[in-house]
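I have placed the structure first, in the form of structure tokens, so that the comments after it can refer back to it.
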Amino acid sequence: MNLSKSKYLRGLQCDKSLWLDKNKPQLRNEKDKQSESLFETGNKVGDLAKEFFPNGIEIKFDASSFDGMVNKTNELIGNGTEVIYEAAFKKDGMFVMIDILVRNGSKWDMYEVKGSTSAKEKSGAIKKHYLNDASVQWFVSSNTIELNRAYIMHLNNKYVRNGDLKIKELFTPVDITDLLKSQQDMIKENILHFIEVLNNEMPDIDIGTHCNSPYKCDFTSHCWKHIPKKNPIFSLSYGKKKAWELYKKGILSLDDIPDDIKFTDKRSAFHVKHHKSQEKKIDKLKIKEFLNSIQYPINFFDFETFQNAIPRFDQQRSYAQMPFQYSLHILHEDGRLEHKEFLGNEDKDPRYNLAIQMLKDITDTGSIIAYNKGFEKGKIRDLAELFEEISGNLLALNERFIDLADPFDKKYYYHPKFNGKYSIKIVLPTLFPDDDTLDYKKLGSIQNGGDAMDTFANLHLLKDKSKRDVIRKDLLAYCKLDTFAMVKIWERLHQVVEETNL
């Protein structure tokens with residue numbers, strides 16, 4: 001039986017996932033856009049990394065003939081080829097493909113390409129799943145060739161594009177050879193174990209943190225089906241560790257938490273208390289103080305950003321969040337509400353035109369309201385650093401920001417249906433449950449920030465102009481709803497205060 005590297009890594013994460021992948025693939029989750037986007041990004045980065053070692057020969061993937069791929073690899077090794085892309089090897093039932101193989105005298109160096117900007121954890125250690133990945137490559141290929149060094153090659157997030165891409169600066173190789181050698185003895189043992197798993201009954205493995213580490217398993221819809229969809233224990237806000245402790249005691253829902261359970265995290269305790277009582281918490285005095293800090297004309301403002309693994313424009317880093325769109329609702333003291341917006345040209349760097357237009361559209365005086373203002377302020381700081389001639393005007397905007405999330409984050413206004421969270425996507429439908437004009441699900445192809453980010457990042461690749469126009473309209477509609485939603489939330493807070501004589 002052949003065991004691919006991907007199946008080996010799946011087995012390291014969970015025996016049950018490995019078994020399901022072979023025996024019950026129909027139980028797999030539906031593919032999500034984020035997974036597809038990450039896969040496409042990985043392919044693009046991998047293709048570009050080949051330019052680090054140009055003029056190599058690629059082994060074309062052939063699912064019907066792994067042996068043919070191995071034979072082609074051996075042929076290239078034997079005829080003196082210096083660089084091989086996707087070199088294929090087999091050993092002990094394991095099949096692997098090495099991203100880049102480079103001849104180094106009589107030996108070879110192997111490079112595994114990753115689309116991330118680091119090969120290390122925050123602790124400084126090499127990411128375990130990267131090490132596991134490369135260790136298998138070394139184990140299998142060393143049966144055929146003599147290896148010299150092994151590298152993880154990742155994107156360099158300190159590289160700033162200026163003109164043509166400099167491939168040698170865009171990628172950073174990290175030597176992991178010594179770490180790989182220390183793992184070789186256990187690989188064969190793992191392979192034998194996984195083959196045994198695949199040939200027996202489904203393993204009895206409960207859900208756990210391994211379901212999402214290092215990757216989200218694609219069988220969670222099956223394995224997690226016993227978890228209630230309404231008020232699951234894992235919706236416990238800010239208390240994932242506590243949630244797992246309660247789950248191991250057989251508690252599957254927030255409704256089932258005994259009264260004698262103690263929470264050291266105050267936010268989790270607050271969440272559970274108000275969930276059980278189903279009581280709102282409204283501190284009208286604090287809400288009034290918050291509203292009194294806002295000055296007319298009120299600028300309700302929201303950015304959308306995109307990111308590229310491979311920088312497209314000058315003064316861009318890998319995965320830098322690039323603002324390409326904003327929506328602005330301006331509420332004047334006389335009650336007049338006007339809307340302004342900007343959506344960049346997907347074929348050009350949108351940042352300068354966005355910054356200039358934003359300075360024209362936002363009023364010279366009055367508050368600027370955002371939901372989680374740190375994001376907007378951070379993007380404005382980035383623009384100020386990039387465009388020195390207007391940096392003063394841009395940074396002056398940041399002095400006027402007020403965060404509309406504050407009354408909900410600080411629990412001046414709390415509803416049990418918030419489930420301990422306070423994002424606008426939770427607060428809005430709770431405050432306005434029957435208003436279709438405020439329902440993101442009623443929008444077109446863009447219904448959340450992830451949709452906007454991924455769609456704009458790839459919009460320049462779409463050749464059909466009419467389809468581009470439709471998508472641009474959907475982008476504008478989505479961002480416009482973000483700021484209109486803020487207007488409605490602001491109005492609701494005023495209604496709460498006006499119900500009293502404060």
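To be explicit about the labels: the chains of the structure tokens are called A, B, and onward in the order shown, and within each one the residues are counted from 1, while ligands get numbers from 1 in the order they are shown.
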
Counting only C-alpha atoms, what is within 10 Å of Tyr130 of chain A, bar same-chain residues fewer than 5 positions away, as an mmCIF file with N, CA and C atoms, in the first residue's frame?
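Written file, result.cif:
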```cif
data_model
loop_
_atom_site.group_PDB
_atom_site.id
_atom_site.type_symbol
_atom_site.label_atom_id
_atom_site.label_comp_id
_atom_site.auth_asym_id
_atom_site.auth_seq_id
_atom_site.Cartn_x
_atom_site.Cartn_y
_atom_site.Cartn_z
ATOM 1 N N LEU A 9 1.175 12.916 7.177
ATOM 2 C CA LEU A 9 1.002 14.090 8.042
ATOM 3 C C LEU A 9 -0.407 14.123 8.642
ATOM 4 N N GLU A 112 12.125 22.685 0.971
ATOM 5 C CA GLU A 112 10.673 22.617 1.074
ATOM 6 C C GLU A 112 10.141 24.043 1.168
ATOM 7 N N VAL A 113 9.272 24.429 0.252
ATOM 8 C CA VAL A 113 8.803 25.813 0.153
ATOM 9 C C VAL A 113 7.505 25.979 0.936
ATOM 10 N N LYS A 114 7.430 27.019 1.737
ATOM 11 C CA LYS A 114 6.236 27.326 2.524
ATOM 12 C C LYS A 114 5.761 28.741 2.198
ATOM 13 N N ALA A 119 9.483 30.198 9.506
ATOM 14 C CA ALA A 119 9.528 28.750 9.723
ATOM 15 C C ALA A 119 9.486 28.426 11.207
ATOM 16 N N LYS A 120 9.375 29.467 12.039
ATOM 17 C CA LYS A 120 9.488 29.264 13.483
ATOM 18 C C LYS A 120 8.225 29.659 14.241
ATOM 19 N N SER A 135 10.960 15.988 7.387
ATOM 20 C CA SER A 135 11.579 14.753 7.874
ATOM 21 C C SER A 135 11.193 13.563 7.009
ATOM 22 N N ILE A 152 13.976 24.726 4.994
ATOM 23 C CA ILE A 152 12.631 25.279 4.822
ATOM 24 C C ILE A 152 12.820 26.646 4.180
ATOM 25 N N ILE A 176 17.531 23.162 8.466
ATOM 26 C CA ILE A 176 16.934 22.330 9.516
ATOM 27 C C ILE A 176 17.541 20.925 9.513
ATOM 28 N N PRO A 214 -2.136 20.893 13.467
ATOM 29 C CA PRO A 214 -1.763 22.231 12.973
ATOM 30 C C PRO A 214 -2.731 22.790 11.927
#
```

Test item: residues at most 9 Å from Ile282 of chain A, only C-alpha atoms, excluding those fewer than 5 positions along its chain, as a ChimeraX atom specification: /A:287,411-415,496

Print the selection's residues with N, CA and C atoms to a file, as a compact mmCIF listing (two decimals), in the first residue's frame.
```txt
# COMPACT_ATOMS: atom_id res chain seq x y z
N ILE A 287 -23.44 54.58 28.82
CA ILE A 287 -23.73 54.75 27.39
C ILE A 287 -23.87 56.23 27.07
N LYS A 411 -19.22 46.07 28.14
CA LYS A 411 -20.47 45.53 28.71
C LYS A 411 -21.39 46.63 29.24
N TYR A 412 -21.32 47.84 28.63
CA TYR A 412 -22.33 48.84 28.96
C TYR A 412 -23.68 48.39 28.38
N TYR A 413 -23.60 47.70 27.27
CA TYR A 413 -24.80 47.13 26.65
C TYR A 413 -24.47 45.67 26.35
N TYR A 414 -25.22 44.77 27.00
CA TYR A 414 -24.97 43.35 26.77
C TYR A 414 -26.30 42.61 26.61
N HIS A 415 -26.33 41.76 25.62
CA HIS A 415 -27.50 40.92 25.36
C HIS A 415 -27.04 39.46 25.40
N VAL A 496 -31.80 54.03 23.65
CA VAL A 496 -31.71 53.47 25.00
C VAL A 496 -31.59 54.59 26.03
```

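Atom CA of Tyr296 of chain A to atom CA of Glu376 of chain A spans 19.6 Å [interatomic distance, one decimal].
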
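Proximity ranking of A:Ala320, A:Leu475, A:Ile402, A:Val272 relative to Asp382 of chain A places A:Ala320 first, based on only C-alpha atoms.
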
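For the residues A:Leu443, A:Leu394, A:Cys479, A:Ile145, ranking by smallest atom-to-atom distance to Leu343 of chain A using only C-alpha atoms places A:Cys479 first.
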
For Asp259 of chain A: contacts at 10 Å, only C-alpha atoms, fewer than 3 positions along chain excluded, given as a VMD selection string: chain A and resid 256 262 272 to 273 276

Export N, CA and C atoms of the chosen residues as a PDB file, in the first residue's frame?
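File written: result36.pdb
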```
ATOM      1  N   ASP A 256     -25.883  23.402  30.065  1.00  0.00           N
ATOM      2  CA  ASP A 256     -25.648  22.282  30.982  1.00  0.00           C
ATOM      3  C   ASP A 256     -24.595  22.579  32.044  1.00  0.00           C
ATOM      4  N   LYS A 262     -16.820  27.187  38.819  1.00  0.00           N
ATOM      5  CA  LYS A 262     -16.198  28.492  38.998  1.00  0.00           C
ATOM      6  C   LYS A 262     -15.326  28.836  37.788  1.00  0.00           C
ATOM      7  N   VAL A 272     -21.437  33.289  31.070  1.00  0.00           N
ATOM      8  CA  VAL A 272     -22.265  32.179  31.568  1.00  0.00           C
ATOM      9  C   VAL A 272     -23.405  32.705  32.453  1.00  0.00           C
ATOM     10  N   LYS A 273     -23.095  33.660  33.311  1.00  0.00           N
ATOM     11  CA  LYS A 273     -24.115  34.219  34.200  1.00  0.00           C
ATOM     12  C   LYS A 273     -25.280  34.801  33.416  1.00  0.00           C
ATOM     13  N   LYS A 276     -27.355  32.150  31.476  1.00  0.00           N
ATOM     14  CA  LYS A 276     -28.286  31.405  32.312  1.00  0.00           C
ATOM     15  C   LYS A 276     -29.503  32.258  32.701  1.00  0.00           C
TER      16      LYS A 276
END
```

Selected residue of minimal separation from Asn156 of chain A among A:Phe171, A:Phe52, A:Tyr319, A:Phe194, counting only C-alpha atoms: A:Phe171

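Atom CA of Glu169 of chain A is positioned 25.4 Å from atom CA of Gln137 of chain A.
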
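Take the candidates A:Glu201, A:Asp260, A:Glu82, A:Glu51 and check each one against Asn23 of chain A using only C-alpha atoms; the shortest distance goes to A:Glu201.
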
Residue nearest Lys242 of chain A - candidates A:Ile261, A:Ala63, A:Leu431, A:Leu476, atoms counted: only C-alpha atoms: A:Ile261

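When only C-alpha atoms are used to measure the gap to Lys410 of chain A, the shortest distance among A:Ala355, A:Ile380, A:Gly239, A:Phe290 belongs to A:Phe290.
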
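Secondary structure of segment 156-193 of chain A, alpha helix (DSSP H) only (DSSP, backbone atoms): Ile167, Lys168, Glu169, Leu170, Thr177, Asp178, Leu179, Leu180, Lys181, Gln184, Asp185, Met186, Ile187, Lys188, Glu189, Asn190, Ile191, Leu192 and His193 of chain A.
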
Keeping N, CA and C atoms, export the residues of the selection given above as a compact mmCIF listing (two decimals), in the first residue's frame.
```
# COMPACT_ATOMS: atom_id res chain seq x y z
N ILE A 167 14.02 37.76 -6.23
CA ILE A 167 13.68 36.45 -5.69
C ILE A 167 14.60 36.05 -4.54
N LYS A 168 15.87 36.40 -4.63
CA LYS A 168 16.83 36.04 -3.59
C LYS A 168 16.56 36.77 -2.28
N GLU A 169 15.85 37.91 -2.38
CA GLU A 169 15.49 38.64 -1.17
C GLU A 169 14.09 38.29 -0.69
N LEU A 170 13.23 37.85 -1.62
CA LEU A 170 11.85 37.52 -1.28
C LEU A 170 11.78 36.25 -0.42
N THR A 177 18.69 20.77 8.87
CA THR A 177 19.27 19.44 8.66
C THR A 177 19.43 18.65 9.95
N ASP A 178 20.05 19.25 10.95
CA ASP A 178 20.34 18.52 12.19
C ASP A 178 19.06 18.09 12.90
N LEU A 179 18.03 18.92 12.83
CA LEU A 179 16.75 18.56 13.45
C LEU A 179 16.11 17.38 12.73
N LEU A 180 16.23 17.36 11.41
CA LEU A 180 15.65 16.25 10.64
C LEU A 180 16.32 14.92 10.98
N LYS A 181 17.61 14.94 11.07
CA LYS A 181 18.35 13.70 11.32
C LYS A 181 17.93 13.06 12.63
N GLN A 184 14.65 10.70 12.28
CA GLN A 184 14.54 9.64 11.28
C GLN A 184 14.12 8.29 11.84
N ASP A 185 14.56 7.95 13.04
CA ASP A 185 14.28 6.63 13.58
C ASP A 185 12.80 6.35 13.78
N MET A 186 12.03 7.38 14.11
CA MET A 186 10.61 7.13 14.42
C MET A 186 9.72 7.12 13.18
N ILE A 187 10.24 7.53 12.03
CA ILE A 187 9.38 7.63 10.85
C ILE A 187 8.91 6.26 10.37
N LYS A 188 9.83 5.29 10.30
CA LYS A 188 9.42 3.96 9.84
C LYS A 188 8.38 3.37 10.78
N GLU A 189 8.56 3.58 12.08
CA GLU A 189 7.60 3.09 13.07
C GLU A 189 6.22 3.73 12.83
N ASN A 190 6.22 5.03 12.52
CA ASN A 190 4.96 5.70 12.24
C ASN A 190 4.30 5.15 10.98
N ILE A 191 5.09 4.91 9.95
CA ILE A 191 4.56 4.38 8.69
C ILE A 191 3.86 3.04 8.92
N LEU A 192 4.53 2.15 9.66
CA LEU A 192 3.95 0.83 9.95
C LEU A 192 2.66 0.97 10.75
N HIS A 193 2.65 1.92 11.68
CA HIS A 193 1.44 2.15 12.48
C HIS A 193 0.29 2.65 11.61
```

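With atom CA of Phe300 of chain A on one side and atom CA of Ile356 of chain A on the other, the separation reads 17.8 Å.
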
Which of segment 238-421 of chain A DSSP labels strand (DSSP E), written as a PyMOL selection string: chain A and resi 281-282+298-306+322-331+337-343+368-370+401-403+413-414

For the selection just defined, write its residues with N, CA and C atoms to a file, as a short mmCIF file (atom, residue, chain, number, x, y, z; two decimals), in the first residue's frame.
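selection.cif, freshly written:
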```
data_model
loop_
_atom_site.label_atom_id
_atom_site.label_comp_id
_atom_site.auth_asym_id
_atom_site.auth_seq_id
_atom_site.Cartn_x
_atom_site.Cartn_y
_atom_site.Cartn_z
N LYS A 281 -27.94 43.52 30.03
CA LYS A 281 -27.27 44.45 30.94
C LYS A 281 -27.12 45.75 30.18
N ILE A 282 -27.75 46.79 30.67
CA ILE A 282 -27.69 48.10 30.01
C ILE A 282 -27.35 49.16 31.05
N ILE A 298 -20.51 63.54 12.41
CA ILE A 298 -19.99 62.23 12.79
C ILE A 298 -19.65 61.45 11.52
N ASN A 299 -18.39 61.02 11.42
CA ASN A 299 -17.91 60.27 10.26
C ASN A 299 -17.84 58.78 10.61
N PHE A 300 -18.80 57.99 10.15
CA PHE A 300 -18.77 56.55 10.35
C PHE A 300 -17.93 55.95 9.23
N PHE A 301 -16.81 55.31 9.62
CA PHE A 301 -15.78 54.98 8.63
C PHE A 301 -15.36 53.53 8.74
N ASP A 302 -15.09 52.91 7.58
CA ASP A 302 -14.65 51.51 7.56
C ASP A 302 -13.76 51.24 6.36
N PHE A 303 -12.62 50.59 6.60
CA PHE A 303 -11.71 50.13 5.54
C PHE A 303 -12.02 48.69 5.16
N GLU A 304 -11.70 48.32 3.92
CA GLU A 304 -11.49 46.93 3.54
C GLU A 304 -10.06 46.82 3.03
N THR A 305 -9.42 45.70 3.32
CA THR A 305 -8.04 45.50 2.91
C THR A 305 -7.88 44.18 2.17
N PHE A 306 -6.81 44.07 1.41
CA PHE A 306 -6.45 42.81 0.78
C PHE A 306 -4.97 42.55 1.06
N MET A 322 -3.37 45.76 2.74
CA MET A 322 -3.39 46.94 1.88
C MET A 322 -4.83 47.48 1.79
N PRO A 323 -5.10 48.67 2.30
CA PRO A 323 -6.44 49.23 2.14
C PRO A 323 -6.75 49.53 0.67
N PHE A 324 -7.89 49.06 0.22
CA PHE A 324 -8.27 49.29 -1.18
C PHE A 324 -9.65 49.93 -1.29
N GLN A 325 -10.35 50.04 -0.18
CA GLN A 325 -11.74 50.49 -0.22
C GLN A 325 -12.11 51.10 1.12
N TYR A 326 -12.99 52.08 1.07
CA TYR A 326 -13.62 52.53 2.31
C TYR A 326 -15.04 52.95 2.04
N SER A 327 -15.80 52.94 3.12
CA SER A 327 -17.15 53.50 3.09
C SER A 327 -17.23 54.55 4.20
N LEU A 328 -17.97 55.61 3.93
CA LEU A 328 -18.07 56.72 4.88
C LEU A 328 -19.50 57.25 4.89
N HIS A 329 -20.16 57.11 6.02
CA HIS A 329 -21.45 57.78 6.24
C HIS A 329 -21.21 58.97 7.15
N ILE A 330 -21.66 60.13 6.73
CA ILE A 330 -21.48 61.35 7.52
C ILE A 330 -22.84 61.81 8.03
N LEU A 331 -22.97 61.85 9.36
CA LEU A 331 -24.21 62.30 9.99
C LEU A 331 -24.01 63.73 10.50
N LEU A 337 -27.91 62.73 6.47
CA LEU A 337 -26.96 61.63 6.36
C LEU A 337 -26.49 61.53 4.91
N GLU A 338 -25.19 61.63 4.71
CA GLU A 338 -24.66 61.48 3.35
C GLU A 338 -23.66 60.34 3.31
N HIS A 339 -23.50 59.76 2.15
CA HIS A 339 -22.61 58.61 2.00
C HIS A 339 -21.56 58.90 0.94
N LYS A 340 -20.31 58.54 1.25
CA LYS A 340 -19.21 58.64 0.30
C LYS A 340 -18.44 57.32 0.34
N GLU A 341 -17.78 57.02 -0.77
CA GLU A 341 -17.08 55.74 -0.83
C GLU A 341 -15.92 55.80 -1.81
N PHE A 342 -15.03 54.84 -1.66
CA PHE A 342 -13.89 54.72 -2.57
C PHE A 342 -13.64 53.24 -2.79
N LEU A 343 -13.41 52.86 -4.04
CA LEU A 343 -13.01 51.50 -4.38
C LEU A 343 -11.90 51.58 -5.41
N ILE A 368 -14.62 60.68 14.23
CA ILE A 368 -14.55 59.59 13.26
C ILE A 368 -14.83 58.30 14.04
N ILE A 369 -15.87 57.61 13.65
CA ILE A 369 -16.27 56.40 14.37
C ILE A 369 -15.95 55.17 13.54
N ALA A 370 -15.29 54.21 14.17
CA ALA A 370 -15.03 52.91 13.55
C ALA A 370 -15.43 51.83 14.54
N PHE A 401 -10.56 59.53 16.34
CA PHE A 401 -11.30 58.27 16.29
C PHE A 401 -11.96 57.92 17.63
N ILE A 402 -13.15 57.40 17.54
CA ILE A 402 -13.88 56.84 18.68
C ILE A 402 -14.35 55.44 18.27
N ASP A 403 -14.28 54.51 19.22
CA ASP A 403 -14.58 53.11 18.90
C ASP A 403 -16.02 52.77 19.28
N TYR A 413 -23.60 47.70 27.27
CA TYR A 413 -24.80 47.13 26.65
C TYR A 413 -24.47 45.67 26.35
N TYR A 414 -25.22 44.77 27.00
CA TYR A 414 -24.97 43.35 26.77
C TYR A 414 -26.30 42.61 26.61
#
```

Exercise: segment 219-234 of chain A partners within 9 Å, only C-alpha atoms, chain neighbours under 2 positions left out, as an NGL selection string: :A and (17 or 20-21 or 25 or 27-30 or 206-207 or 211 or 216-217 or 236-237 or 239-240 or 243-244 or 246-247 or 251-257 or 419)

Close residues, Leu386 of chain A itself excluded, 12 Å, only C-alpha atoms, min 2 positions apart in chain, as a PyMOL selection string: chain A and resi 160+314-316+322+351-352+355+379-384+388-392+394-395
